[in-house]
Amino acid sequence: MKQFQIILFSICLATIFTGTAVSQNKALPHLKKQGTATQLIVDGKPFLILGGELSNSSASSLSYMEPIWSQLAAQQLNTVLAPICWENVEPQEGKFDFTLIDGLISAAHRNNLKLVILWFGSWKNTYSSYVPEWVKRDTKRFPRVLLKDGRPTERLTPLSASNRDADAKAFGALMKHIKTVDANRTVLMIQVQNEIGVIPESRDFSPTANKTFTAAVPQALMDYIKKHDDVLEPELRQAWVAAGKKTSGSWREVFGAAPITDDFFMAWHYATYVDAVTAAGKAGYDIPMFTNAALIRPNYLPGQYNSGGPLPHSLDIYRAGAPSLDFLSPDIYFSNFAYWAGRYQREGNPVFVPETYSGVAGAANAYYAFGQVDAIGFSPFGIEGRFGGPGEPGGGLSPLVAAYSVLDHLAPTILQKQGTNQLAGIVLEGSEQRSGRISFGGYDISVNWAGAPSAPGASDANRRVGILLIQEGADEFLIAGSGSATLSFAPDSEGTQIVGIASIDEEVLVDGKWIWQRRLNGDENGQGQVLRIGSNAVVYKLRLYRY
Ligand code: DGJ
């Protein structure tokens, strides 16, 4: 009996020490600057998120998810974006249930996948449909956004301390719990809320909101604007300058009477609310946190789009009001991917795309995002339904799976080059853009679309070309991309010699290993005059020379 007790005691000690060792050895995921880029550090090393976001309801059931994990892992994803919602975590006030998050973390880890958790707290796509029933039913304690005519909407108002504090309490408890169970650091980051903002009107018209709107713009925001005058996003600066660059006054006095002022007002209130929720979460477990934006269609007015969301024109307001957030992210469902990604690439705001298309367009955009804007991650939406699905062109390997296998192979080099001038990307977008140019590594590189003409009325998404370029040496490059295109090369300064192609070798993935496959010449490279991007599952090793 005594011997049994000693053995049991030793096992317990070993378990405690192993557990402690695991959590002490594994550094927390965090962000770190490298050159002009900001990188996500996972297990002590920079990491590229080759991700995908689950459809909204899949992760509400561990058994529904069971077959999906291995499918995603086999399709080259390294990270899954999965929602956890307030109604599930706190079904009764003060009574927390962490069964779901525990199950998601252990299933992801078993499948060698990382997680980004989406906190569907007070808001999901402007609505408050994921709040617990005890919050939904008590509209007095948890007030709503009201329309101009006084009718309520199913949206908690961000101008309420009781809404904010209840959400912060639940989120804080969730994060504290994740800290205790996630010794393997499976959870990399948290998205706080989802596509916030108000529709269908430009702002909350509750009596509290009306009163606050006519009161003075908070001093903290005024101070930020004055201090950052020369680097403010153009829309905010324009409104402020046009209204006379005042340093105090009501919202309309400071930013003018146009509808965008309502948007700025809501942005401040969403930002400060989300900041309090984020800070409570970080007090529980301090890992990177961000929030995402639904973008604007051309000529839409506030309220037709999510007014007050973390849109480019409100990035400064969020920086001033939500310093606890590490960055803001765009959900890019529009064809001008490069424009939107570029607007979120700001000093201190790394590009992470939590939602976008997959398919042919997604593959091209992934190459562009990692090449040109130093993205820390890319993640098409509805991933469990789209990879290799019946609608995917390209046979068994869907375009995104192929691109992810290349990006996974190149990740160490991409991560080494991020934030330097030895990494670039170019995208040909839409049916009009048939060519593009980029100056890179001492060369002027022309990219020409080389696909077959598409049928009249066919989606231009299938014509997209996205290319990633890495400079390995003075005349040596690694190139990968998606779509049909040719690349030709010239010196990037006047009067120097002509550039020739010394050699092009292609590398492909065979049975899990990247191998040299062929030397390309003749018809395969335009008799030595161009590099042809023909497959999105190939890495081209290019050597140039001058004559
Ligand atoms: C954007 C939202 O953020 C997602 O949760 C999902 O609803 C998609 N739209 C649907 O396309």
# chains A, B, ... in the order shown; residues from 1 in each chain; ligands from 1
call {"tool": "closest_atom_pairs", "arguments": {"of": "chain A", "to": "ligand 1", "cutoff": "6 Å", "atoms": "only C-alpha atoms and all ligand atoms", "output": "CSV"}}
result
residue,atom,partner,partner_atom_place_in_ligand_line,distance
A:Asn56,CA,ligand 1,5 (O),5.8
A:Asn125,CA,ligand 1,3 (O),5.8
A:Asn194,CA,ligand 1,3 (O),5.8
A:Glu195,CA,ligand 1,3 (O),5.6
call {"tool": "select_by_dssp", "arguments": {"residues": "stretch 445-526 of chain A", "states": "strand (DSSP E)", "output": "VMD selection string"}}
result
chain A and resid 445 to 449 465 to 473 476 to 482 485 to 491 499 to 510 513 to 519
call {"tool": "closest_atom_pairs", "arguments": {"of": "stretch 221-300 of chain A", "to": "stretch 98-116 of chain A", "cutoff": "12 Å", "atoms": "only C-alpha atoms", "output": "Markdown table"}}
result
| residue | atom | partner | partner_atom | distance |
| --- | --- | --- | --- | --- |
| A:Ile287 | CA | A:Val116 | CA | 10.6 |
| A:Pro288 | CA | A:Val116 | CA | 9.9 |
| A:Met289 | CA | A:Val116 | CA | 9.6 |
| A:Phe290 | CA | A:Val116 | CA | 10.5 |
| A:Thr291 | CA | A:Val116 | CA | 11.9 |
call {"tool": "atom_distance", "arguments": {"atom1": "atom CA of A:Asp97", "atom2": "atom CA of A:Leu28"}}
result
24.1 Å
call {"tool": "residues_around", "arguments": {"residues": "A:Leu410", "least_positions_apart": "5", "cutoff": "10 Å", "atoms": "only C-alpha atoms", "output": "PyMOL selection string"}}
result
chain A and resi 404-405+415+470+478-480+539
call {"tool": "select_by_dssp", "arguments": {"residues": "stretch 297-431 of chain A", "states": "helix (DSSP H, G or I)", "output": "ChimeraX atom specification"}}
result
/A:312-321,337-344,359-372,383-386,399-417
call {"tool": "residues_around", "arguments": {"residues": "stretch 50-55 of chain A", "least_positions_apart": "6", "cutoff": "10 Å", "atoms": "only C-alpha atoms", "output": "NGL selection string"}}
result
:A and (65 or 68 or 72 or 76-83 or 113-118 or 353-358 or 366 or 376-387 or 400-401 or 403-405 or 407-408 or 411)
call {"tool": "closest_residue", "arguments": {"among": "A:Trp268, A:Trp119, A:Phe334, A:Tyr130", "to": "A:Ala322", "atoms": "only C-alpha atoms"}}
result
A:Trp268
